[in-house]
$ cat my_file.cif   # mmCIF, C-alpha atoms and all ligand atoms
data_input
#
loop_
_atom_site.label_atom_id
_atom_site.label_comp_id
_atom_site.auth_asym_id
_atom_site.auth_seq_id
_atom_site.Cartn_x
_atom_site.Cartn_y
_atom_site.Cartn_z
CA MET J 74 -17.62 -0.14 -35.35
CA ILE J 75 -21.11 -0.71 -34.03
CA GLN J 76 -23.27 2.23 -33.20
CA HIS J 77 -25.92 1.76 -30.54
CA GLY J 78 -28.78 4.16 -31.13
CA SER J 79 -28.68 7.22 -33.30
CA ASP J 80 -27.54 10.06 -31.06
CA GLN J 81 -24.31 10.92 -32.86
CA PRO J 82 -22.99 13.63 -30.45
CA ALA J 83 -23.58 11.33 -27.46
CA PHE J 84 -21.91 8.51 -29.36
CA ASN J 85 -18.92 10.72 -30.20
CA ALA J 86 -18.60 11.84 -26.57
CA ALA J 87 -18.54 8.22 -25.42
CA ALA J 88 -15.93 7.33 -28.04
CA PHE J 89 -13.81 10.28 -26.92
CA ALA J 90 -14.10 9.22 -23.26
CA GLN J 91 -13.10 5.69 -24.14
CA SER J 92 -10.10 6.87 -26.12
CA LEU J 93 -9.00 8.83 -23.03
CA ALA J 94 -9.43 5.72 -20.90
CA LYS J 95 -7.29 3.79 -23.36
CA GLU J 96 -4.64 6.51 -23.23
CA GLN J 97 -4.62 6.21 -19.43
CA GLY J 98 -4.07 2.46 -19.64
CA PHE J 99 -7.34 1.20 -18.16
CA ALA J 100 -8.12 -2.43 -18.93
CA LEU J 101 -11.86 -1.91 -19.35
CA CYS J 102 -14.08 1.07 -19.98
CA GLY J 103 -17.80 1.38 -20.58
CA ILE J 104 -20.52 3.98 -20.37
CA ALA J 105 -23.54 3.67 -18.08
CA SER J 106 -26.62 5.80 -17.78
CA ALA J 107 -26.77 7.81 -14.56
CA ASP J 108 -30.23 6.47 -13.70
CA ALA J 109 -31.00 5.66 -10.09
CA SER J 110 -30.10 2.20 -8.82
CA GLN J 111 -32.43 -0.74 -9.23
CA TYR J 112 -31.16 -2.11 -5.93
CA ALA J 113 -32.09 0.67 -3.51
CA GLY J 114 -34.59 -1.64 -1.78
CA GLN J 115 -32.01 -4.41 -1.42
CA LEU J 116 -29.45 -1.99 -0.02
CA LYS J 117 -31.98 -0.73 2.52
CA ALA J 118 -32.81 -4.27 3.62
CA TRP J 119 -29.10 -5.18 3.85
CA LEU J 120 -28.45 -2.12 5.98
CA ALA J 121 -31.51 -2.77 8.13
CA GLU J 122 -30.14 -6.22 8.93
CA GLY J 123 -26.89 -4.56 10.04
CA LYS J 124 -24.84 -6.49 7.48
CA HIS J 125 -22.61 -3.47 6.86
CA GLY J 126 -21.10 -3.91 10.32
CA ALA J 127 -19.34 -0.74 11.47
CA MET J 128 -19.19 0.75 7.96
CA GLN J 129 -21.58 3.51 8.96
CA TYR J 130 -20.65 5.58 5.91
CA LEU J 131 -22.61 3.06 3.80
CA ALA J 132 -25.78 3.83 5.76
CA ASP J 133 -25.14 7.56 6.06
CA HIS J 134 -25.13 8.16 2.31
CA ALA J 135 -27.43 5.39 1.10
CA ASP J 136 -29.73 7.78 -0.78
CA ILE J 137 -26.78 9.35 -2.66
CA ARG J 138 -25.20 5.95 -3.27
CA THR J 139 -28.29 4.75 -5.07
CA ASP J 140 -28.69 7.82 -7.27
CA PRO J 141 -25.75 9.36 -9.16
CA GLY J 142 -27.99 12.39 -9.78
CA ARG J 143 -27.67 13.20 -6.08
CA LEU J 144 -23.91 13.07 -6.25
CA VAL J 145 -23.69 15.27 -9.35
CA GLU J 146 -26.70 17.41 -10.07
CA GLY J 147 -27.98 16.78 -13.58
CA ALA J 148 -25.81 13.66 -14.03
CA ALA J 149 -26.51 12.04 -17.37
CA SER J 150 -23.77 9.45 -17.79
CA VAL J 151 -21.13 7.55 -15.87
CA ILE J 152 -17.84 6.51 -17.43
CA VAL J 153 -16.78 3.31 -15.69
CA VAL J 154 -13.17 2.16 -15.89
CA ALA J 155 -11.40 -0.86 -14.49
CA ASP J 156 -7.75 -1.50 -13.71
CA ALA J 157 -6.61 -5.10 -13.79
CA TYR J 158 -4.41 -6.31 -10.96
CA HIS J 159 -2.22 -9.38 -10.63
CA PRO J 160 -4.24 -12.59 -10.79
CA GLN J 161 -1.62 -15.21 -9.90
CA THR J 162 -2.26 -17.54 -7.05
CA PRO J 163 -0.43 -18.39 -4.92
CA GLY J 164 1.70 -15.27 -4.59
CA PRO J 165 5.48 -15.10 -4.49
CA GLU J 166 7.10 -17.28 -1.86
CA PRO J 167 7.22 -15.59 1.52
CA GLN J 168 10.67 -14.42 2.50
CA ALA J 169 9.78 -14.94 6.14
CA PRO J 170 11.73 -17.46 8.17
CA THR J 171 8.76 -17.81 10.55
CA PRO J 172 5.04 -18.18 9.73
CA ALA J 173 3.65 -15.45 7.50
CA GLY J 174 0.22 -13.87 7.18
CA ARG J 175 -1.31 -13.32 3.75
CA VAL J 176 -2.36 -10.06 2.13
CA ALA J 177 -5.15 -9.84 -0.48
CA LYS J 178 -3.83 -9.35 -4.01
CA TYR J 179 -5.46 -5.98 -4.62
CA ALA J 180 -3.16 -4.52 -1.95
CA TRP J 181 0.11 -6.00 -3.25
CA GLY J 182 1.02 -2.88 -5.19
CA ASP J 183 0.56 0.86 -4.69
CA ASP J 184 -2.67 2.24 -3.28
CA TYR J 185 -5.26 1.83 -6.05
CA HIS J 186 -7.12 4.94 -4.95
CA LYS J 187 -4.13 7.03 -5.94
CA VAL J 188 -3.23 5.06 -9.05
CA LEU J 189 -6.77 5.34 -10.41
CA LYS J 190 -7.59 8.85 -9.30
CA LYS J 191 -4.65 10.61 -10.92
CA ARG J 192 -5.50 9.14 -14.31
CA LEU J 193 -9.24 9.79 -13.90
CA HIS J 194 -8.47 13.42 -13.17
CA LYS J 195 -6.38 13.63 -16.34
CA ALA J 196 -9.33 12.22 -18.28
CA CYS J 197 -11.68 14.74 -16.58
CA ASN J 198 -9.41 17.61 -17.64
CA ALA J 199 -9.34 16.42 -21.24
CA LEU J 200 -13.14 16.01 -21.26
CA GLU J 201 -13.56 19.50 -19.80
CA ALA J 202 -11.35 20.91 -22.57
CA GLU J 203 -13.29 19.10 -25.29
CA TYR J 204 -16.78 19.46 -23.78
CA PRO J 205 -16.72 22.57 -21.57
CA GLY J 206 -19.70 23.58 -19.49
CA HIS J 207 -20.30 20.13 -18.02
CA THR J 208 -19.52 18.71 -14.58
CA TYR J 209 -17.09 15.80 -14.22
CA ARG J 210 -16.57 14.06 -10.89
CA ALA J 211 -14.05 11.24 -10.51
CA THR J 212 -14.61 8.56 -7.86
CA THR J 213 -12.46 5.65 -6.73
CA ASP J 214 -14.16 4.19 -3.69
CA THR J 215 -14.04 7.73 -2.37
CA ALA J 216 -17.63 8.86 -2.90
CA PRO J 217 -20.97 7.21 -2.23
CA ILE J 218 -21.63 5.54 -5.55
CA PHE J 219 -22.54 1.97 -6.54
CA GLU J 220 -19.49 1.36 -8.71
CA ARG J 221 -20.26 -2.33 -9.17
CA GLU J 222 -23.81 -1.81 -10.37
CA LEU J 223 -22.67 0.92 -12.73
CA ALA J 224 -19.92 -1.34 -14.07
CA THR J 225 -22.54 -3.96 -14.79
CA ARG J 226 -24.78 -1.38 -16.40
CA ALA J 227 -21.86 -0.22 -18.53
CA GLY J 228 -21.51 -3.78 -19.79
CA LEU J 229 -18.17 -4.58 -18.16
CA GLY J 230 -19.45 -7.79 -16.62
CA TRP J 231 -22.06 -9.24 -14.28
CA THR J 232 -22.26 -9.31 -10.51
CA GLY J 233 -21.31 -12.77 -9.29
CA LYS J 234 -22.70 -14.64 -6.31
CA HIS J 235 -19.76 -13.28 -4.26
CA THR J 236 -21.10 -9.79 -5.18
CA LEU J 237 -18.04 -8.76 -7.22
CA MET J 238 -18.06 -7.82 -10.89
CA ILE J 239 -16.93 -10.60 -13.22
CA HIS J 240 -15.92 -10.10 -16.84
CA PRO J 241 -16.75 -13.30 -18.77
CA ARG J 242 -13.25 -13.57 -20.29
CA PHE J 243 -11.06 -11.82 -17.77
CA GLY J 244 -12.62 -12.63 -14.40
CA SER J 245 -12.93 -10.40 -11.34
CA TYR J 246 -9.47 -9.15 -10.37
CA PHE J 247 -10.37 -5.54 -11.16
CA LEU J 248 -10.38 -2.20 -9.37
CA LEU J 249 -13.15 0.15 -10.44
CA GLY J 250 -13.30 3.89 -10.92
CA THR J 251 -15.92 6.22 -12.37
CA ILE J 252 -16.45 9.68 -13.79
CA VAL J 253 -19.97 10.94 -13.18
CA THR J 254 -20.85 13.65 -15.67
CA THR J 255 -23.67 15.81 -16.94
CA LEU J 256 -22.43 15.14 -20.48
CA PRO J 257 -24.85 12.83 -22.33
CA MET J 258 -23.07 9.79 -23.75
CA GLN J 259 -24.08 6.71 -25.60
CA THR J 260 -22.26 3.41 -25.41
CA SER J 261 -19.71 2.58 -28.09
CA GLU J 262 -17.27 -0.17 -28.88
CA LEU J 263 -14.52 2.12 -30.03
CA ALA J 264 -11.04 2.48 -28.62
CA GLY J 265 -10.23 -1.22 -28.55
CA PHE J 266 -12.00 -2.18 -25.34
CA PRO J 267 -13.85 -5.48 -25.14
CA ALA J 268 -17.39 -5.08 -26.44
CA PRO J 269 -19.90 -4.12 -23.76
CA LEU J 270 -22.20 -6.91 -22.62
CA SER J 271 -25.67 -5.74 -23.29
CA PRO J 272 -27.48 -6.82 -21.23
CA PRO J 273 -24.87 -8.40 -18.96
CA THR J 274 -25.61 -12.11 -18.62
CA ASP J 275 -25.12 -13.87 -15.30
CA HIS J 276 -22.76 -16.79 -15.94
CA CYS J 277 -22.73 -18.10 -12.34
CA GLY J 278 -25.40 -20.65 -13.22
CA SER J 279 -25.53 -23.50 -10.72
CA CYS J 280 -21.96 -22.88 -9.52
CA SER J 281 -21.59 -22.32 -5.77
CA ARG J 282 -17.81 -22.57 -5.36
CA CYS J 283 -17.40 -19.17 -3.72
CA ILE J 284 -20.25 -19.87 -1.30
CA ASP J 285 -18.85 -23.29 -0.40
CA ALA J 286 -15.26 -22.05 -0.07
CA CYS J 287 -15.92 -19.00 2.09
CA PRO J 288 -14.46 -20.04 5.46
CA THR J 289 -16.73 -17.79 7.51
CA ASP J 290 -20.00 -18.42 5.61
CA ALA J 291 -20.17 -14.72 4.79
CA ILE J 292 -21.89 -15.27 1.44
CA ALA J 293 -25.63 -15.95 1.59
CA SER J 294 -26.49 -19.57 0.74
CA GLU J 295 -28.18 -18.50 -2.49
CA GLY J 296 -25.44 -15.94 -3.24
CA TYR J 297 -25.54 -12.27 -4.29
CA SER J 298 -25.30 -10.99 -0.72
CA VAL J 299 -22.35 -10.85 1.66
CA ASP J 300 -22.67 -10.26 5.38
CA ALA J 301 -19.72 -7.92 5.92
CA ARG J 302 -19.66 -8.73 9.63
CA ARG J 303 -18.55 -12.28 8.79
CA CYS J 304 -16.23 -11.42 5.89
CA ILE J 305 -12.49 -11.70 6.55
CA SER J 306 -11.82 -8.64 4.39
CA TYR J 307 -14.08 -6.55 6.61
CA LEU J 308 -12.84 -8.14 9.84
CA THR J 309 -9.16 -7.58 9.06
CA LEU J 310 -9.35 -4.20 7.28
CA GLU J 311 -12.41 -2.32 8.51
CA HIS J 312 -13.41 -3.70 11.90
CA ARG J 313 -11.56 -1.88 14.66
CA GLY J 314 -12.60 -3.85 17.72
CA SER J 315 -11.89 -7.35 18.87
CA ILE J 316 -12.76 -10.22 16.52
CA ASP J 317 -15.22 -12.81 17.78
CA GLU J 318 -13.49 -16.12 18.54
CA GLN J 319 -15.85 -17.99 16.19
CA TYR J 320 -13.91 -16.42 13.27
CA HIS J 321 -10.37 -16.99 14.56
CA GLU J 322 -9.83 -20.47 13.17
CA PRO J 323 -11.66 -19.83 9.85
CA MET J 324 -9.48 -16.74 9.29
CA GLY J 325 -6.52 -19.06 8.69
CA ASP J 326 -3.41 -17.12 7.70
CA TRP J 327 -5.16 -14.00 6.35
CA LEU J 328 -3.59 -10.90 7.80
CA ALA J 329 -5.15 -8.24 5.57
CA GLY J 330 -8.08 -8.98 3.27
CA CYS J 331 -9.08 -12.32 1.74
CA ASP J 332 -9.05 -13.61 -1.86
CA ILE J 333 -10.67 -17.01 -1.40
CA CYS J 334 -14.01 -16.38 -3.14
CA GLN J 335 -12.21 -14.91 -6.15
CA ASP J 336 -9.46 -17.52 -6.24
CA VAL J 337 -11.95 -20.39 -6.46
CA CYS J 338 -14.08 -18.73 -9.14
CA PRO J 339 -13.74 -20.62 -12.44
CA HIS J 340 -13.96 -17.33 -14.34
CA ASN J 341 -10.60 -16.28 -12.87
CA ARG J 342 -8.80 -19.44 -13.87
CA ARG J 343 -8.09 -18.63 -17.50
CA ARG J 344 -6.38 -15.31 -16.85
CA ALA J 345 -4.49 -16.68 -13.83
CA ASP J 346 -3.19 -19.62 -15.92
CA LEU J 347 -2.14 -17.32 -18.76
CA ALA J 348 -0.47 -14.91 -16.34
CA ALA J 349 1.47 -17.80 -14.79
CA GLN J 350 2.87 -18.42 -18.31
CA ASP J 351 3.72 -14.73 -18.71
CA ALA J 352 0.86 -14.35 -21.17
CA ASP J 353 -1.57 -12.22 -19.16
CA PRO J 354 -4.08 -10.90 -21.74
CA LEU J 355 -4.47 -7.69 -19.71
CA GLN J 356 -1.89 -5.06 -19.04
CA VAL J 357 -1.42 -4.42 -15.32
CA HIS J 358 -0.38 -0.86 -14.44
CA ALA J 359 3.26 -0.67 -13.37
CA ARG J 360 2.28 0.79 -10.00
CA TYR J 361 0.50 -2.45 -9.08
CA THR J 362 3.84 -4.26 -9.20
CA PRO J 363 3.85 -6.28 -5.98
CA HIS J 364 5.65 -4.79 -2.98
CA ASN J 365 8.06 -7.03 -1.15
CA TYR J 366 5.34 -8.17 1.26
CA ALA J 367 3.14 -9.65 -1.46
CA GLY J 368 4.07 -13.15 -0.33
CA GLY J 369 3.01 -12.32 3.22
CA PHE J 370 4.19 -10.50 6.32
CA ASP J 371 6.38 -12.28 8.84
CA LEU J 372 3.98 -12.59 11.79
CA LEU J 373 6.70 -12.30 14.43
CA LYS J 374 7.91 -9.08 12.85
CA VAL J 375 4.40 -7.62 12.82
CA LEU J 376 3.98 -8.53 16.50
CA ASN J 377 7.22 -6.68 17.22
CA TRP J 378 6.31 -3.62 15.15
CA ALA J 379 6.45 -0.13 16.60
CA ALA J 380 4.32 2.61 15.01
CA GLU J 381 7.13 3.67 12.68
CA ASP J 382 7.68 0.09 11.43
CA ARG J 383 4.04 -0.08 10.35
CA GLN J 384 4.29 3.32 8.74
CA GLN J 385 7.40 2.29 6.85
CA ALA J 386 5.86 -1.00 5.70
CA PHE J 387 2.72 0.70 4.36
CA ILE J 388 4.26 3.58 2.45
CA GLY J 389 2.17 4.03 -0.71
CA SER J 390 -0.07 1.10 0.22
CA ALA J 391 -3.86 0.88 0.48
CA LEU J 392 -3.22 -0.93 3.78
CA LYS J 393 -2.21 2.25 5.52
CA ARG J 394 -5.70 2.63 6.91
CA VAL J 395 -5.15 -0.53 8.96
CA LYS J 396 -3.98 0.69 12.36
CA LEU J 397 -1.11 -0.91 14.25
CA ASP J 398 -3.32 -2.56 16.88
CA MET J 399 -5.58 -3.97 14.13
CA MET J 400 -2.58 -5.44 12.29
CA GLN J 401 -1.26 -6.98 15.51
CA ARG J 402 -4.73 -8.32 16.35
CA ASN J 403 -4.84 -9.95 12.91
CA ALA J 404 -1.27 -11.22 13.29
CA LEU J 405 -2.10 -12.79 16.66
CA ILE J 406 -5.05 -14.67 15.17
CA ALA J 407 -2.93 -15.87 12.23
CA ALA J 408 -0.13 -16.79 14.66
CA GLY J 409 -2.61 -18.81 16.73
CA ASN J 410 -3.66 -20.71 13.62
CA ALA J 411 -0.04 -21.33 12.61
CA LEU J 412 0.86 -22.52 16.13
CA ALA J 413 -2.14 -24.83 16.18
CA GLN J 414 -0.56 -26.58 13.18
CA GLN J 415 3.07 -26.51 14.23
CA ASP J 416 4.84 -25.15 17.28
CA ASP J 417 7.28 -22.28 16.89
CA PRO J 418 8.76 -21.52 20.32
CA VAL J 419 9.75 -17.91 19.51
CA LEU J 420 6.35 -17.04 18.10
CA ARG J 421 4.59 -18.82 20.98
CA GLU J 422 6.60 -16.88 23.54
CA LYS J 423 5.75 -13.61 21.79
CA VAL J 424 2.02 -14.37 21.91
CA ILE J 425 2.27 -15.20 25.63
CA GLU J 426 4.31 -12.05 26.28
CA LEU J 427 1.63 -9.89 24.60
CA ALA J 428 -1.11 -11.60 26.60
CA GLN J 429 0.68 -10.74 29.84
CA ALA J 430 2.03 -7.29 29.01
CA ASP J 431 0.37 -4.60 31.11
CA ASN J 432 1.53 -1.82 28.83
CA GLN J 433 -0.07 -3.26 25.68
CA ARG J 434 -3.07 -1.74 23.95
CA GLU J 435 -6.28 -3.41 25.06
CA LEU J 436 -7.12 -4.87 21.63
CA VAL J 437 -3.72 -6.57 21.36
CA ARG J 438 -3.70 -7.91 24.92
CA GLU J 439 -7.27 -9.15 24.69
CA THR J 440 -6.66 -10.94 21.37
CA ALA J 441 -3.41 -12.48 22.66
CA ASN J 442 -5.31 -13.79 25.69
CA LYS J 443 -8.01 -15.31 23.50
CA VAL J 444 -5.38 -17.03 21.38
CA CYS J 445 -3.53 -18.31 24.46
CA GLU J 446 -6.77 -19.58 25.94
CA ARG J 447 -7.68 -21.39 22.74
CA LEU J 448 -4.28 -23.06 22.50
CA GLY J 449 -3.87 -23.69 26.26
CA PHE J 450 -0.74 -21.54 26.54
CA LEU J 451 -1.65 -20.01 29.87
CA PRO J 452 -2.30 -21.91 33.10
S1 LIG K 1 -13.50 -12.30 0.92
FE1 LIG K 1 -13.19 -14.25 2.02
S2 LIG K 1 -14.45 -14.12 3.85
FE2 LIG K 1 -15.17 -12.49 2.44
S3 LIG K 1 -16.82 -13.42 1.28
FE3 LIG K 1 -14.97 -13.80 0.09
S4 LIG K 1 -14.22 -15.82 0.81
FE4 LIG K 1 -15.72 -15.09 2.29
S1 LIG K 2 -17.40 -19.03 -7.91
FE1 LIG K 2 -19.16 -19.65 -9.15
S2 LIG K 2 -20.94 -18.82 -8.09
FE2 LIG K 2 -19.15 -17.76 -7.27
S3 LIG K 2 -18.97 -15.91 -8.50
FE3 LIG K 2 -17.68 -17.45 -9.48
S4 LIG K 2 -19.02 -18.42 -11.02
FE4 LIG K 2 -20.34 -17.27 -9.61
#
$ encode --input "my_file.cif" --output "structure tokens"
Amino acid sequence: MIQHGSDQPAFNAAAFAQSLAKEQGFALCGIASADASQYAGQLKAWLAEGKHGAMQYLADHADIRTDPGRLVEGAASVIVVADAYHPQTPGPEPQAPTPAGRVAKYAWGDDYHKVLKKRLHKACNALEAEYPGHTYRATTDTAPIFERELATRAGLGWTGKHTLMIHPRFGSYFLLGTIVTTLPMQTSELAGFPAPLSPPTDHCGSCSRCIDACPTDAIASEGYSVDARRCISYLTLEHRGSIDEQYHEPMGDWLAGCDICQDVCPHNRRRADLAAQDADPLQVHARYTPHNYAGGFDLLKVLNWAAEDRQQAFIGSALKRVKLDMMQRNALIAAGNALAQQDDPVLREKVIELAQADNQRELVRETANKVCERLGFLP
């Protein structure tokens, strides 16, 4: 046991919080100070350049996001936890008889918001019982807070050039959650979690694999900044309008999200290799067990979906925020890319039908027309 500093009650509180995190099965847990962000200026500049796209909520709460004290009055500490998800690449073989569109790994299992939040609330209740009179607020991508910076501050890893947190041994396939509290805590190495990195060292060095591999050039040439407007994750999951043709071909077969910058990162290789041999060093929560679409959605099926088919497919999934017309827009782009490689008469006919259908939603018809135009399907 290593004690950092000499504030025994704060040290004990941190150890207690970490034992709760262990009990709840989190892969990583660390304690960060609730000081204001060091990156408020960078966030402002990023927002001013419009790189958040249509994610207006990022701009609306920028001042709260950069100061946990504005989220929880009197905040002293932030407990940062991380759930590991499945690192294997490629995923299970698609069951689809026709071309399939890929889904990012984080969404293969149950909705992480729910999986994380329930356990964070249990930890909050236990903290409240042990240390009454303090405020505890759990967040899982659900409140304006810089989870990644806090994770770094808590010693869980460093922020890579692709802007995601990377643990030096276990890589970046993590989902983050926090508890912001007025309870003072001091970092500890108890409870069997990997030792916090203090200070977290950047191990990207001269590597530029993620920057080079990003098909839409969304990552700045020197790294550490992503233009969301160009990122396939944003385009497929957040952007509600039509997708500029310049991104259609680079989007490849991604239907929902994109894993490329993480898949090429050398820091993810070790865990992925071990997991492929059934020796994953991290325990993945049972609720992240891949759904049957983990290998991809059959594009023809998605193009034939009615509202209830989408609803059925996304039960319990983080993808449920992706509307039907967005999914079909994405499927049309992926179908166009598949058809550019190899003809599939049934899929081709479906794309043409959607381009000509008067009763289709505008986004679907417009995207189908763009795809047909690109591939010369219409006279
Ligand atoms: S998720 Fe995909 S598109 Fe977005 S930055 Fe990473 S590689 Fe580029
Ligand atoms: S691929 Fe290379 S540059 Fe990108 S995050 Fe990983 S180590 Fe850093």
$ atom_distance --input "my_file.cif" --atom1 "CA of Pro288 (chain J)" --atom2 "CA of Cys334 (chain J)"
9.4 Å
$ residues_near_ligand --input "my_file.cif" --ligand "ligand LIG 2 (chain K)" --cutoff "9 Å" --atoms "only C-alpha atoms and all ligand atoms" --output "VMD selection string"
chain J and resid 232 to 239 244 to 245 275 to 286 296 to 297 334 to 341
$ residues_around --input "my_file.cif" --residues "Arg175 (chain J)" --least-positions-apart "3" --cutoff "6 Å" --atoms "all atoms listed in the file" --output "list of chain:residue names"
J:Asp326, J:Trp327, J:Leu328, J:Gly369
$ closest_residue --input "my_file.cif" --among "J:Pro82, J:Gly330, J:Pro452, J:Gly389" --to "ligand LIG 1 (chain K)" --atoms "only C-alpha atoms and all ligand atoms"
J:Gly330
$ closest_residue --input "my_file.cif" --among "J:Glu201, J:Val176, J:Tyr209, J:Lys95" --to "Ala148 (chain J)" --atoms "all atoms listed in the file"
J:Tyr209
$ residues_around --input "my_file.cif" --residues "region 353-366 of chain J" --least-positions-apart "2" --cutoff "7 Å" --atoms "all atoms listed in the file" --output "VMD selection string"
chain J and resid 100 157 to 159 181 to 183 344 347 to 348 351 368 to 370
$ residues_near_point --input "my_file.cif" --point "(-11.0, -0.3, 15.9)" --cutoff "12 Å" --atoms "all atoms listed in the file" --output "list in words"
Ala127, Met128, Tyr307, Leu308, Thr309, Leu310, Glu311, His312, Arg313, Gly314, Ser315, Ile316, Arg394, Val395, Lys396, Leu397, Asp398, Met399, Met400, Gln401, Arg402, Asn403, Arg434, Glu435, Leu436 and Val437 of chain J
$ decode --input "my_file.cif" --residues "region 119-132 of chain J" --atoms "N, CA and C atoms" --output "PDB file, in the first residue's frame"
ATOM      1  N   TRP J 119     -12.181  25.314 -29.973  1.00  0.00           N
ATOM      2  CA  TRP J 119     -12.757  24.202 -30.754  1.00  0.00           C
ATOM      3  C   TRP J 119     -14.213  24.500 -31.095  1.00  0.00           C
ATOM      4  N   LEU J 120     -14.930  25.016 -30.099  1.00  0.00           N
ATOM      5  CA  LEU J 120     -16.336  25.371 -30.317  1.00  0.00           C
ATOM      6  C   LEU J 120     -16.451  26.545 -31.296  1.00  0.00           C
ATOM      7  N   ALA J 121     -15.560  27.517 -31.126  1.00  0.00           N
ATOM      8  CA  ALA J 121     -15.616  28.702 -31.986  1.00  0.00           C
ATOM      9  C   ALA J 121     -15.388  28.329 -33.451  1.00  0.00           C
ATOM     10  N   GLU J 122     -14.604  27.275 -33.671  1.00  0.00           N
ATOM     11  CA  GLU J 122     -14.369  26.830 -35.049  1.00  0.00           C
ATOM     12  C   GLU J 122     -15.512  25.957 -35.564  1.00  0.00           C
ATOM     13  N   GLY J 123     -16.496  25.704 -34.695  1.00  0.00           N
ATOM     14  CA  GLY J 123     -17.670  24.924 -35.111  1.00  0.00           C
ATOM     15  C   GLY J 123     -17.399  23.436 -35.214  1.00  0.00           C
ATOM     16  N   LYS J 124     -16.303  22.962 -34.590  1.00  0.00           N
ATOM     17  CA  LYS J 124     -15.922  21.558 -34.765  1.00  0.00           C
ATOM     18  C   LYS J 124     -16.821  20.587 -34.007  1.00  0.00           C
ATOM     19  N   HIS J 125     -17.754  21.117 -33.234  1.00  0.00           N
ATOM     20  CA  HIS J 125     -18.705  20.251 -32.525  1.00  0.00           C
ATOM     21  C   HIS J 125     -19.900  19.917 -33.409  1.00  0.00           C
ATOM     22  N   GLY J 126     -19.933  20.482 -34.617  1.00  0.00           N
ATOM     23  CA  GLY J 126     -21.045  20.192 -35.524  1.00  0.00           C
ATOM     24  C   GLY J 126     -22.361  20.622 -34.912  1.00  0.00           C
ATOM     25  N   ALA J 127     -23.343  19.702 -34.948  1.00  0.00           N
ATOM     26  CA  ALA J 127     -24.680  20.034 -34.426  1.00  0.00           C
ATOM     27  C   ALA J 127     -24.834  19.655 -32.955  1.00  0.00           C
ATOM     28  N   MET J 128     -23.733  19.319 -32.292  1.00  0.00           N
ATOM     29  CA  MET J 128     -23.829  18.929 -30.870  1.00  0.00           C
ATOM     30  C   MET J 128     -23.864  20.198 -30.018  1.00  0.00           C
ATOM     31  N   GLN J 129     -24.962  20.899 -30.129  1.00  0.00           N
ATOM     32  CA  GLN J 129     -25.109  22.203 -29.481  1.00  0.00           C
ATOM     33  C   GLN J 129     -24.969  22.095 -27.963  1.00  0.00           C
ATOM     34  N   TYR J 130     -25.354  20.937 -27.406  1.00  0.00           N
ATOM     35  CA  TYR J 130     -25.276  20.773 -25.957  1.00  0.00           C
ATOM     36  C   TYR J 130     -23.844  20.964 -25.453  1.00  0.00           C
ATOM     37  N   LEU J 131     -22.851  20.715 -26.311  1.00  0.00           N
ATOM     38  CA  LEU J 131     -21.458  20.911 -25.891  1.00  0.00           C
ATOM     39  C   LEU J 131     -21.163  22.399 -25.685  1.00  0.00           C
ATOM     40  N   ALA J 132     -21.755  23.223 -26.561  1.00  0.00           N
ATOM     41  CA  ALA J 132     -21.542  24.667 -26.452  1.00  0.00           C
ATOM     42  C   ALA J 132     -22.396  25.263 -25.336  1.00  0.00           C
TER      43      ALA J 132
END
